[in-house]
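Text of entry_29.txt (compact mmCIF, C-alpha atoms) as supplied:
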# COMPACT_ATOMS: atom_id res chain seq x y z
CA MET A 249 -60.60 98.49 36.10
CA ASN A 250 -60.34 99.73 39.70
CA THR A 251 -57.91 102.15 41.27
CA ALA A 252 -55.17 100.12 42.94
CA LEU A 253 -52.22 100.73 45.23
CA LEU A 254 -48.90 99.03 45.86
CA ALA A 255 -47.37 99.62 49.31
CA LEU A 256 -43.88 98.55 50.33
CA GLU A 257 -42.87 97.69 53.87
CA ASP A 258 -40.74 100.85 54.09
CA GLY A 259 -43.85 102.98 53.47
CA THR A 260 -43.22 103.75 49.79
CA LEU A 261 -46.43 103.88 47.73
CA PHE A 262 -47.11 103.37 44.02
CA ASP A 263 -50.45 104.23 42.45
CA GLY A 264 -51.91 102.18 39.63
CA ILE A 265 -54.94 100.47 38.12
CA GLY A 266 -56.01 96.98 39.09
CA PHE A 267 -56.30 94.12 36.58
CA GLY A 268 -56.85 90.41 36.95
CA ALA A 269 -58.65 89.46 40.16
CA VAL A 270 -60.00 92.13 42.52
CA GLY A 271 -58.70 91.97 46.07
CA ASP A 272 -55.55 92.06 48.20
CA THR A 273 -52.27 90.21 47.90
CA THR A 274 -48.90 90.29 49.66
CA GLY A 275 -45.40 89.02 48.93
CA GLU A 276 -41.79 89.91 48.36
CA VAL A 277 -41.56 92.49 45.55
CA VAL A 278 -38.95 91.51 42.95
CA PHE A 279 -38.25 92.48 39.34
CA ASN A 280 -37.62 90.48 36.17
CA THR A 281 -35.80 91.97 33.16
CA SER A 282 -37.08 89.50 30.54
CA MET A 283 -38.72 91.06 27.50
CA THR A 284 -41.08 88.11 27.01
CA GLY A 285 -42.15 85.01 28.90
CA TYR A 286 -44.50 86.49 31.49
CA GLN A 287 -46.68 83.36 31.47
CA GLU A 288 -43.74 81.05 32.16
CA ILE A 289 -42.61 83.41 34.93
CA LEU A 290 -46.03 83.48 36.59
CA THR A 291 -46.27 79.67 36.59
CA ASP A 292 -42.70 79.07 37.79
CA PRO A 293 -43.00 77.66 41.35
CA SER A 294 -39.79 79.50 42.27
CA TYR A 295 -41.89 82.70 42.38
CA HIS A 296 -44.13 81.36 45.13
CA GLY A 297 -44.57 84.12 47.72
CA GLN A 298 -43.29 86.86 45.39
CA MET A 299 -44.95 89.67 43.44
CA VAL A 300 -43.21 90.04 40.08
CA THR A 301 -42.45 93.42 38.53
CA MET A 302 -41.77 93.25 34.79
CA THR A 303 -39.26 95.86 33.60
CA GLN A 304 -40.44 95.54 29.99
CA PRO A 305 -43.07 98.33 29.86
CA HIS A 306 -45.56 96.72 27.46
CA ILE A 307 -46.96 93.43 28.78
CA GLY A 308 -49.71 91.13 27.53
CA ASN A 309 -49.58 91.85 23.79
CA TYR A 310 -49.24 88.17 22.79
CA GLY A 311 -51.72 86.82 25.35
CA VAL A 312 -51.43 83.40 26.99
CA THR A 313 -51.79 79.76 25.96
CA PRO A 314 -52.00 76.62 28.16
CA GLU A 315 -48.99 75.10 26.35
CA ASP A 316 -46.67 77.69 27.92
CA ASP A 317 -47.53 77.03 31.57
CA GLU A 318 -44.48 75.77 33.47
CA SER A 319 -46.60 74.09 36.15
CA SER A 320 -50.22 73.35 36.98
CA ARG A 321 -51.02 76.84 38.34
CA ILE A 322 -49.82 80.41 38.83
CA TRP A 323 -47.44 80.56 41.79
CA ALA A 324 -46.55 84.27 41.77
CA ALA A 325 -48.45 86.17 44.46
CA GLY A 326 -49.12 89.14 42.19
CA MET A 327 -48.05 90.98 39.04
CA ILE A 328 -46.83 94.57 38.68
CA ILE A 329 -46.50 96.15 35.22
CA ARG A 330 -46.24 99.52 33.50
CA HIS A 331 -48.82 99.04 30.77
CA LEU A 332 -51.28 96.24 30.04
CA SER A 333 -51.76 95.77 26.30
CA PRO A 334 -55.39 96.35 25.27
CA VAL A 335 -54.86 94.08 22.25
CA VAL A 336 -53.89 90.41 22.11
CA SER A 337 -52.29 89.47 18.80
CA ASN A 338 -50.70 86.04 18.40
CA TRP A 339 -51.77 82.93 16.52
CA ARG A 340 -51.23 80.80 19.61
CA ALA A 341 -53.13 83.02 22.07
CA ARG A 342 -56.14 81.50 23.79
CA GLN A 343 -56.76 84.19 26.40
CA SER A 344 -55.74 87.70 27.45
CA LEU A 345 -53.34 88.15 30.36
CA GLY A 346 -55.98 90.02 32.37
CA ASP A 347 -58.55 87.24 31.95
CA TYR A 348 -55.89 84.64 32.73
CA LEU A 349 -55.09 86.28 36.08
CA GLN A 350 -58.75 86.91 36.91
CA GLU A 351 -59.73 83.31 36.23
CA ARG A 352 -56.99 82.12 38.60
CA GLY A 353 -57.60 84.65 41.37
CA ILE A 354 -54.32 86.56 40.96
CA VAL A 355 -54.26 90.30 41.68
CA GLY A 356 -52.34 92.53 39.28
CA ILE A 357 -51.61 96.24 39.10
CA THR A 358 -50.82 98.22 35.94
CA GLU A 359 -49.95 101.86 35.17
CA VAL A 360 -47.25 101.69 37.85
CA ASP A 361 -44.04 103.71 37.42
CA THR A 362 -42.01 100.50 37.21
CA ARG A 363 -38.75 102.34 36.49
CA ALA A 364 -39.04 104.17 39.82
CA LEU A 365 -40.06 100.95 41.60
CA VAL A 366 -37.14 98.95 40.17
CA ARG A 367 -34.66 101.72 41.06
CA HIS A 368 -36.07 101.73 44.59
CA ILE A 369 -35.61 97.95 44.93
CA ARG A 370 -32.17 98.11 43.34
CA ASP A 371 -31.06 100.77 45.83
CA ASN A 372 -32.80 99.45 48.94
CA GLY A 373 -33.14 95.72 48.24
CA ALA A 374 -36.09 93.42 47.64
CA MET A 375 -38.75 94.00 50.25
CA ARG A 376 -42.21 92.88 51.20
CA GLY A 377 -45.22 94.59 49.69
CA ALA A 378 -49.00 94.56 49.43
CA ILE A 379 -51.35 95.31 46.54
CA SER A 380 -55.04 96.09 46.77
CA SER A 381 -57.54 96.78 44.00
CA SER A 382 -60.49 96.61 46.39
CA ASP A 383 -59.50 98.80 49.38
CA PRO A 384 -56.37 100.84 48.51
CA ASP A 385 -55.93 102.40 51.95
CA PRO A 386 -52.23 103.28 52.40
CA ASP A 387 -51.94 102.64 56.12
CA ARG A 388 -53.76 99.31 55.87
CA LEU A 389 -51.56 98.11 53.02
CA ILE A 390 -48.29 99.15 54.67
CA ALA A 391 -49.35 97.16 57.73
CA LEU A 392 -50.23 94.17 55.51
CA ALA A 393 -46.82 94.34 53.84
CA ARG A 394 -45.00 94.44 57.18
CA ALA A 395 -47.03 91.49 58.48
CA SER A 396 -46.33 89.27 55.46
CA ARG A 397 -43.77 86.46 55.43
CA ASP A 398 -40.04 87.19 55.21
CA MET A 399 -38.06 85.00 52.80
CA ASN A 400 -35.17 84.62 55.23
CA GLY A 401 -35.45 81.23 56.93
CA LEU A 402 -38.60 80.35 54.98
CA ASP A 403 -39.05 76.80 53.67
CA LEU A 404 -41.48 77.03 50.75
CA VAL A 405 -40.59 73.71 49.11
CA GLN A 406 -43.22 71.91 51.18
CA GLU A 407 -45.87 74.24 49.71
CA VAL A 408 -45.00 73.62 46.04
CA THR A 409 -43.67 70.06 45.81
CA SER A 410 -45.68 67.09 44.56
CA ALA A 411 -47.47 64.98 47.16
CA GLU A 412 -46.49 61.63 45.64
CA PRO A 413 -43.92 60.30 43.13
CA TYR A 414 -44.98 60.23 39.48
CA HIS A 415 -43.53 59.37 36.06
CA TRP A 416 -42.87 61.92 33.31
CA THR A 417 -42.64 60.95 29.62
CA GLN A 418 -43.39 64.08 27.58
CA GLY A 419 -40.37 65.19 25.59
CA GLU A 420 -41.92 67.57 23.09
CA ASN A 421 -42.59 71.32 23.15
CA TRP A 422 -44.85 73.21 20.76
CA TRP A 423 -41.79 74.26 18.74
CA THR A 424 -40.53 70.65 18.52
CA PRO A 425 -43.74 68.75 17.67
CA ASN A 426 -41.92 65.85 16.00
CA GLN A 427 -40.56 64.60 19.31
CA ALA A 428 -43.09 61.97 20.33
CA LYS A 429 -43.64 60.70 23.83
CA ILE A 430 -40.69 58.76 25.19
CA ASP A 431 -41.01 54.99 25.03
CA THR A 432 -40.15 54.13 28.64
CA ALA A 433 -39.47 50.51 27.69
CA THR A 434 -36.54 51.57 25.51
CA SER A 435 -35.34 54.63 27.43
CA ASN A 436 -31.60 54.77 27.90
CA TYR A 437 -31.45 56.04 31.49
CA HIS A 438 -33.61 56.26 34.58
CA ILE A 439 -33.51 59.65 36.33
CA VAL A 440 -34.93 60.46 39.75
CA ALA A 441 -35.85 64.15 39.74
CA TYR A 442 -36.37 65.90 43.06
CA ASP A 443 -39.34 68.26 42.87
CA PHE A 444 -38.45 71.33 44.91
CA GLY A 445 -40.76 73.34 42.62
CA ILE A 446 -39.86 71.80 39.29
CA LYS A 447 -40.56 73.40 35.90
CA LYS A 448 -41.99 71.32 33.08
CA ASN A 449 -39.32 72.28 30.57
CA MET A 450 -36.57 70.73 32.71
CA LEU A 451 -38.40 67.43 32.53
CA LYS A 452 -39.09 67.81 28.81
CA LEU A 453 -35.42 68.39 28.02
CA LEU A 454 -34.38 65.31 30.00
CA ALA A 455 -37.12 63.18 28.41
CA ALA A 456 -36.22 64.42 24.93
CA ARG A 457 -32.74 63.00 25.54
CA GLY A 458 -34.14 59.53 26.13
CA CYS A 459 -34.48 59.55 29.91
CA ARG A 460 -37.15 57.72 31.86
CA ILE A 461 -38.01 60.07 34.71
CA THR A 462 -39.44 59.45 38.17
CA VAL A 463 -40.31 62.71 39.90
CA VAL A 464 -40.24 62.50 43.70
CA PRO A 465 -41.35 64.95 46.43
CA GLY A 466 -38.79 67.34 47.87
CA GLY A 467 -38.80 65.47 51.17
CA TYR A 468 -37.91 62.09 49.65
CA SER A 469 -35.13 60.35 51.58
CA ALA A 470 -31.84 59.24 50.07
CA GLU A 471 -32.68 55.65 51.00
CA LYS A 472 -35.96 55.71 49.04
CA THR A 473 -34.27 57.36 46.09
CA LEU A 474 -31.49 54.78 45.88
CA ALA A 475 -34.08 52.02 46.18
CA LEU A 476 -35.49 53.22 42.84
CA ASN A 477 -32.11 52.29 41.31
CA PRO A 478 -31.67 55.44 39.20
CA ASP A 479 -28.83 56.03 36.77
CA GLY A 480 -28.72 59.67 37.84
CA ILE A 481 -30.29 62.21 40.17
CA PHE A 482 -31.64 65.64 39.21
CA LEU A 483 -32.25 68.47 41.71
CA SER A 484 -34.79 71.03 40.55
CA ASN A 485 -35.42 74.72 41.08
CA GLY A 486 -37.73 75.96 43.83
CA PRO A 487 -38.69 78.88 46.09
CA GLY A 488 -37.60 80.19 49.49
CA ASP A 489 -34.46 80.05 51.59
CA PRO A 490 -32.31 77.02 50.68
CA ALA A 491 -30.81 76.78 54.17
CA ALA A 492 -34.31 76.14 55.56
CA VAL A 493 -34.78 73.01 53.42
CA THR A 494 -32.77 70.90 55.87
CA TYR A 495 -34.36 67.55 54.93
CA ALA A 496 -33.29 67.98 51.29
CA ILE A 497 -29.77 69.01 52.32
CA ASP A 498 -29.50 65.85 54.42
CA ALA A 499 -30.76 63.66 51.56
CA VAL A 500 -28.40 65.17 49.00
CA ARG A 501 -25.47 64.83 51.41
CA ASP A 502 -26.18 61.09 51.47
CA LEU A 503 -26.58 60.90 47.68
CA VAL A 504 -23.51 62.82 46.49
CA GLY A 505 -20.92 60.47 45.06
CA LYS A 506 -23.26 57.51 44.76
CA LYS A 507 -24.91 58.50 41.48
CA PRO A 508 -24.26 61.21 38.86
CA LEU A 509 -26.03 64.35 40.05
CA PHE A 510 -27.15 67.57 38.32
CA GLY A 511 -28.74 70.52 40.15
CA ILE A 512 -30.38 73.73 38.92
CA CYS A 513 -31.15 76.90 40.93
CA LEU A 514 -32.42 75.80 44.36
CA GLY A 515 -31.00 72.37 43.56
CA HIS A 516 -27.62 74.06 43.03
CA GLN A 517 -27.87 75.83 46.39
CA ILE A 518 -28.91 72.64 48.19
CA LEU A 519 -25.95 70.82 46.64
CA GLY A 520 -23.63 73.59 47.84
CA LEU A 521 -25.04 73.33 51.36
CA ALA A 522 -24.82 69.52 51.32
CA LEU A 523 -21.13 69.81 50.42
CA GLY A 524 -20.51 71.99 53.48
CA GLY A 525 -20.93 75.43 51.94
CA GLU A 526 -23.13 78.32 53.04
CA THR A 527 -25.72 80.48 51.28
CA PHE A 528 -26.72 84.13 51.68
CA LYS A 529 -29.61 86.35 50.63
CA MET A 530 -28.74 88.75 47.83
CA LYS A 531 -29.75 92.40 47.89
CA PHE A 532 -32.23 92.08 45.03
CA GLY A 533 -31.24 88.87 43.25
CA HIS A 534 -31.01 87.97 39.57
CA ARG A 535 -34.23 87.62 37.58
CA GLY A 536 -34.37 87.87 33.82
CA GLY A 537 -33.22 86.35 30.56
CA ASN A 538 -30.13 88.46 29.90
CA GLN A 539 -27.54 87.70 32.60
CA PRO A 540 -23.92 87.22 31.41
CA VAL A 541 -22.22 84.15 32.87
CA GLN A 542 -18.60 83.15 32.25
CA VAL A 543 -17.61 79.50 31.96
CA ALA A 544 -14.38 78.98 33.93
CA GLU A 545 -13.09 76.08 31.83
CA SER A 546 -13.30 77.81 28.44
CA GLY A 547 -13.55 81.49 29.35
CA SER A 548 -16.58 81.80 27.07
CA VAL A 549 -19.54 83.98 28.04
CA GLN A 550 -23.11 82.75 27.87
CA ILE A 551 -26.29 84.82 28.15
CA SER A 552 -28.55 83.05 30.60
CA SER A 553 -31.94 83.02 32.29
CA HIS A 554 -32.07 83.62 36.05
CA ASN A 555 -34.49 83.60 38.96
CA HIS A 556 -32.83 83.56 42.37
CA GLY A 557 -32.59 85.70 45.48
CA PHE A 558 -30.06 83.53 47.34
CA ALA A 559 -26.54 82.47 46.33
CA VAL A 560 -23.72 80.17 47.43
CA ASP A 561 -20.80 81.78 49.28
CA PRO A 562 -17.65 80.72 47.37
CA ASN A 563 -15.43 81.25 50.43
CA SER A 564 -17.38 78.61 52.36
CA LEU A 565 -16.84 75.76 49.87
CA PRO A 566 -14.45 72.82 50.42
CA THR A 567 -11.28 72.77 48.34
CA ASP A 568 -12.48 69.91 46.10
CA VAL A 569 -15.48 71.96 44.89
CA GLN A 570 -14.75 74.01 41.77
CA VAL A 571 -16.61 77.20 40.84
CA SER A 572 -17.47 76.45 37.21
CA HIS A 573 -19.52 79.54 36.29
CA THR A 574 -19.45 83.16 37.51
CA ASN A 575 -21.84 86.05 36.95
CA LEU A 576 -20.01 88.88 35.18
CA ASN A 577 -22.28 91.57 36.62
CA ASP A 578 -21.47 90.99 40.29
CA GLY A 579 -19.18 87.94 40.61
CA VAL A 580 -21.85 85.68 42.15
CA VAL A 581 -21.23 81.93 41.91
CA GLU A 582 -23.30 80.53 39.03
CA GLY A 583 -22.06 76.96 38.92
CA LEU A 584 -20.28 74.22 40.85
CA ASP A 585 -18.39 71.18 39.63
CA ILE A 586 -17.20 68.24 41.76
CA PRO A 587 -15.63 65.79 39.27
CA SER A 588 -14.55 63.34 41.97
CA LYS A 589 -18.18 62.90 43.01
CA ARG A 590 -19.70 63.05 39.50
CA ALA A 591 -21.82 66.06 40.51
CA PHE A 592 -22.34 69.53 39.09
CA SER A 593 -24.86 72.33 39.29
CA VAL A 594 -25.74 75.78 37.98
CA GLN A 595 -27.48 78.66 39.70
CA TYR A 596 -29.19 79.87 36.52
CA HIS A 597 -31.79 78.20 34.28
CA PRO A 598 -30.35 76.33 31.26
CA GLU A 599 -33.84 75.03 30.42
CA SER A 600 -34.48 78.64 29.34
CA SER A 601 -38.22 78.95 29.65
CA PRO A 602 -38.19 81.85 29.06
CA GLY A 603 -34.70 82.79 27.96
CA PRO A 604 -31.79 82.06 25.61
CA HIS A 605 -30.51 78.56 24.89
CA ASP A 606 -26.77 79.18 25.26
CA SER A 607 -26.50 76.54 28.00
CA ASP A 608 -28.37 73.57 26.48
CA GLU A 609 -25.04 71.71 26.62
CA LEU A 610 -25.45 71.18 30.37
CA PHE A 611 -28.22 68.62 29.79
CA ASP A 612 -25.96 66.84 27.31
CA LYS A 613 -23.14 66.91 29.90
CA PHE A 614 -25.44 65.17 32.40
CA ILE A 615 -26.41 62.51 29.86
CA ALA A 616 -22.73 61.90 29.07
CA MET A 617 -22.03 61.42 32.79
CA LEU A 618 -24.75 58.77 32.95
CA GLY A 619 -22.99 56.80 30.21
CA GLU A 620 -19.56 56.85 31.81

Target format C-alpha cells, applied to this file:
Amino acid sequence: MNTALLALEDGTLFDGIGFGAVGDTTGEVVFNTSMTGYQEILTDPSYHGQMVTMTQPHIGNYGVTPEDDESSRIWAAGMIIRHLSPVVSNWRARQSLGDYLQERGIVGITEVDTRALVRHIRDNGAMRGAISSSDPDPDRLIALARASRDMNGLDLVQEVTSAEPYHWTQGENWWTPNQAKIDTATSNYHIVAYDFGIKKNMLKLLAARGCRITVVPGGYSAEKTLALNPDGIFLSNGPGDPAAVTYAIDAVRDLVGKKPLFGICLGHQILGLALGGETFKMKFGHRGGNQPVQVAESGSVQISSHNHGFAVDPNSLPTDVQVSHTNLNDGVVEGLDIPSKRAFSVQYHPESSPGPHDSDELFDKFIAMLGE
C-alpha cells in the first residue's frame, strides 16, 4: 500500500494509505452513513462523479460478490474509508474490496480520519476533492480538486444511461431464489422505465410483481414512449443536477396524466420540475440507510435509504401537488403525490439496496394504479 492524500478544494488535507488502483481521481466528496452495502453504493450510477466517504469505520470485512452489483460497473469516482478490513469472511464473498477496486481501476484511500472529514463536510458543505496514491503532492491535488467538475448545472444522465432500449425480465434476488424469470407472455402489465442511471433492484422489484419492462434511454421522447403502449411509466434514479436534464423534464411534462407514473430520486426531482416546481442543491445531502421519513397520510415514520444532493422546493409546487413524505431531520420534501394525474414519486430509495424495506408498499401502490 502507498502513502496517499485527499485534498479538498478549500485546501484541507487528509493523509491516508492508498488501496485499490494506484493513481489520481477527482470528484465531489460526499458521505454515506450506511453500515453495510458498500458494493451496492459503489455500483449505483447516482454516485457518478462523486467520491464516497463511508462513516462506518470498518469496511470490507464481508468482501464483494457479483450478485450485489447494482449496475454493470463501479460509478463512484473514488472511495474514502477509515479502516480496510484485512480479512474477508462471508460465505458469499468472491473477492476482497481492495482487489475489486484495483481490478476496476478505482482509487481508494484508507486510514483517513473520516470523523473529522465528515464533520468538515457537514459544517462547510459537500465540496470537490482529489485523491492520489501515486503523487500525493498537496499543491497539485488542491489544484486538481478546484479544476474538477461542479455538480451545479451538470447533466450526468447522458454519461450513465443506456444507449438503446432493452427488455428486463429478472425478478429474483439471491435472497429470493424461488422467484423465476418473468414469463413476458403472461405478464400483467407493461412498464416503460426511464434509465437516468437505473439500479437493478428497482427493475427486479417491478418484474417480481409481474411487470414486463422496457428500459429506455434517459433522452427518450414522450412520443416514442407512448408508441410503446405502456400501462405505466417509471422514472429512475440518476446522478447530477436535475434542472440540467431539460430533455427529460420536457418528456415527463408531456407524459404526466396520460399514464400512471412512479418516480424515484432523480425521477422524483424531474417529475417535480415537469410539474412546474424548482429544485435546489442541498448543503451536504442525504446519503445512508437510516433516514427518518414521515408519511403525511398516516403520520407513520419509515426508516429509509437515501442518496441525493438536490431536493424539490415545496414552495415552488402548484397547488394540486401534495407533499406526501417529509424528512424528519431537516424537513426536506421526500415525496410527491398528484392523484388527479395518477402520478407519485419519492426522493428516497424504496428499493433499499442497501437499506431497510419499510417502503416496499410503494411498488405495490404503483401496481394497484396500473389496475385501476

In Å and to one decimal, atom CA of Lys452 of chain A is distant from atom CA of Ala411 of chain A by 20.4 Å

Straight-line distance linking atom CA of Gln287 of chain A with atom CA of Pro413 of chain A, stated in Å to one decimal: 26.0 Å

Might you pull out every residue within 8 Å of segment 251-268 of chain A, with all atoms listed in the file counted and same-chain residues fewer than 6 positions away left off, and present them as a VMD selection string? chain A and resid 345 to 351 353 to 361 365 375 to 386 389 to 391 393 to 394

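For the pair atom CA of Asn555 of chain A and atom CA of His306 of chain A, the separation is 20.7 Å.
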
Find the residues around segment 510-523 of chain A up to 9 Å (all atoms listed in the file counted), leave out those fewer than 6 positions away in its own chain, and share them as a ChimeraX atom specification. /A:294,442,444-445,480-491,493-494,496-502,504,554-556,558-561,565-566,569,582-584,590-598,610-611,614

Can I get the selection written as a PDB file, in the frame of the given file, with C-alpha atoms?
ATOM      1  CA  SER A 294     -39.790  79.500  42.270  1.00  0.00           C
ATOM      2  CA  TYR A 442     -36.370  65.900  43.060  1.00  0.00           C
ATOM      3  CA  PHE A 444     -38.450  71.330  44.910  1.00  0.00           C
ATOM      4  CA  GLY A 445     -40.760  73.340  42.620  1.00  0.00           C
ATOM      5  CA  GLY A 480     -28.720  59.670  37.840  1.00  0.00           C
ATOM      6  CA  ILE A 481     -30.290  62.210  40.170  1.00  0.00           C
ATOM      7  CA  PHE A 482     -31.640  65.640  39.210  1.00  0.00           C
ATOM      8  CA  LEU A 483     -32.250  68.470  41.710  1.00  0.00           C
ATOM      9  CA  SER A 484     -34.790  71.030  40.550  1.00  0.00           C
ATOM     10  CA  ASN A 485     -35.420  74.720  41.080  1.00  0.00           C
ATOM     11  CA  GLY A 486     -37.730  75.960  43.830  1.00  0.00           C
ATOM     12  CA  PRO A 487     -38.690  78.880  46.090  1.00  0.00           C
ATOM     13  CA  GLY A 488     -37.600  80.190  49.490  1.00  0.00           C
ATOM     14  CA  ASP A 489     -34.460  80.050  51.590  1.00  0.00           C
ATOM     15  CA  PRO A 490     -32.310  77.020  50.680  1.00  0.00           C
ATOM     16  CA  ALA A 491     -30.810  76.780  54.170  1.00  0.00           C
ATOM     17  CA  VAL A 493     -34.780  73.010  53.420  1.00  0.00           C
ATOM     18  CA  THR A 494     -32.770  70.900  55.870  1.00  0.00           C
ATOM     19  CA  ALA A 496     -33.290  67.980  51.290  1.00  0.00           C
ATOM     20  CA  ILE A 497     -29.770  69.010  52.320  1.00  0.00           C
ATOM     21  CA  ASP A 498     -29.500  65.850  54.420  1.00  0.00           C
ATOM     22  CA  ALA A 499     -30.760  63.660  51.560  1.00  0.00           C
ATOM     23  CA  VAL A 500     -28.400  65.170  49.000  1.00  0.00           C
ATOM     24  CA  ARG A 501     -25.470  64.830  51.410  1.00  0.00           C
ATOM     25  CA  ASP A 502     -26.180  61.090  51.470  1.00  0.00           C
ATOM     26  CA  VAL A 504     -23.510  62.820  46.490  1.00  0.00           C
ATOM     27  CA  HIS A 554     -32.070  83.620  36.050  1.00  0.00           C
ATOM     28  CA  ASN A 555     -34.490  83.600  38.960  1.00  0.00           C
ATOM     29  CA  HIS A 556     -32.830  83.560  42.370  1.00  0.00           C
ATOM     30  CA  PHE A 558     -30.060  83.530  47.340  1.00  0.00           C
ATOM     31  CA  ALA A 559     -26.540  82.470  46.330  1.00  0.00           C
ATOM     32  CA  VAL A 560     -23.720  80.170  47.430  1.00  0.00           C
ATOM     33  CA  ASP A 561     -20.800  81.780  49.280  1.00  0.00           C
ATOM     34  CA  LEU A 565     -16.840  75.760  49.870  1.00  0.00           C
ATOM     35  CA  PRO A 566     -14.450  72.820  50.420  1.00  0.00           C
ATOM     36  CA  VAL A 569     -15.480  71.960  44.890  1.00  0.00           C
ATOM     37  CA  GLU A 582     -23.300  80.530  39.030  1.00  0.00           C
ATOM     38  CA  GLY A 583     -22.060  76.960  38.920  1.00  0.00           C
ATOM     39  CA  LEU A 584     -20.280  74.220  40.850  1.00  0.00           C
ATOM     40  CA  ARG A 590     -19.700  63.050  39.500  1.00  0.00           C
ATOM     41  CA  ALA A 591     -21.820  66.060  40.510  1.00  0.00           C
ATOM     42  CA  PHE A 592     -22.340  69.530  39.090  1.00  0.00           C
ATOM     43  CA  SER A 593     -24.860  72.330  39.290  1.00  0.00           C
ATOM     44  CA  VAL A 594     -25.740  75.780  37.980  1.00  0.00           C
ATOM     45  CA  GLN A 595     -27.480  78.660  39.700  1.00  0.00           C
ATOM     46  CA  TYR A 596     -29.190  79.870  36.520  1.00  0.00           C
ATOM     47  CA  HIS A 597     -31.790  78.200  34.280  1.00  0.00           C
ATOM     48  CA  PRO A 598     -30.350  76.330  31.260  1.00  0.00           C
ATOM     49  CA  LEU A 610     -25.450  71.180  30.370  1.00  0.00           C
ATOM     50  CA  PHE A 611     -28.220  68.620  29.790  1.00  0.00           C
ATOM     51  CA  PHE A 614     -25.440  65.170  32.400  1.00  0.00           C
TER      52      PHE A 614
END

Give me the box for segment 341-358 of chain A as lines of an AutoDock Vina configuration file, namely the centre and edge lengths in Å to one decimal of a box along x, y and z that holds every listed atom plus 3 Å on each side.
center_x = -55.3
center_y = 89.9
center_z = 31.9
size_x = 14.9
size_y = 22.7
size_z = 25.6

Take the point (-17.7, 74.8, 28.1) in the file's coordinates, draw a sphere of radius 12 Å around it, and report as a PyMOL selection string every protein, DNA or RNA residue with an atom inside or on it, counting all atoms listed in the file. chain A and resi 541-550+572-573+583+606-610+612-613

Please dump the current selection as a tab-separated table (two decimals), keeping the file's coordinate frame; keep C-alpha atoms.
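Listing of part_21.tsv after writing:
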chain	number	residue	atom	x	y	z
A	541	VAL	CA	-22.22	84.15	32.87
A	542	GLN	CA	-18.60	83.15	32.25
A	543	VAL	CA	-17.61	79.50	31.96
A	544	ALA	CA	-14.38	78.98	33.93
A	545	GLU	CA	-13.09	76.08	31.83
A	546	SER	CA	-13.30	77.81	28.44
A	547	GLY	CA	-13.55	81.49	29.35
A	548	SER	CA	-16.58	81.80	27.07
A	549	VAL	CA	-19.54	83.98	28.04
A	550	GLN	CA	-23.11	82.75	27.87
A	572	SER	CA	-17.47	76.45	37.21
A	573	HIS	CA	-19.52	79.54	36.29
A	583	GLY	CA	-22.06	76.96	38.92
A	606	ASP	CA	-26.77	79.18	25.26
A	607	SER	CA	-26.50	76.54	28.00
A	608	ASP	CA	-28.37	73.57	26.48
A	609	GLU	CA	-25.04	71.71	26.62
A	610	LEU	CA	-25.45	71.18	30.37
A	612	ASP	CA	-25.96	66.84	27.31
A	613	LYS	CA	-23.14	66.91	29.90

The residue from A:His534, A:Arg370, A:Arg342, A:His605 with the smallest atom-to-atom distance to Thr281 of chain A, counting only C-alpha atoms, is A:His534

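With all atoms listed in the file as the basis for measurement, A:Ile328 is the residue among A:Met302, A:Val405, A:Gly311, A:Ile328 that approaches Gly275 of chain A most closely.
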
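You can rank A:Ile586, A:Val580, A:Val312, A:Met617 by their closest distance to Met530 of chain A using only C-alpha atoms, and at the top of that list sits A:Val580.
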
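The residues that lie within 9 Å of the point (-46.9, 81.5, 32.9), counting only C-alpha atoms, are Gly285, Tyr286, Gln287, Glu288, Ile289, Leu290, Thr291, Asp292, Val312, Thr313, Pro314, Asp316, Asp317, Glu318, Ser319, Arg321, Ile322 and Trp323 of chain A.
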
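Distance annotation: of A:Arg340, A:Ser410, A:Val571, A:Leu404, the residue with the minimal separation from Lys447 of chain A is A:Ser410; atom set is all atoms listed in the file.
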
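Compared by their closest atoms to Thr527 of chain A, and using only C-alpha atoms, the residues A:Val278, A:Thr409, A:Gly401, A:Asp578 rank with A:Gly401 nearest.
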
Between A:Val270, A:Leu618, A:Ala324, A:Val366, which has the minimum distance to Cys459 of chain A (counting all atoms listed in the file)? A:Leu618
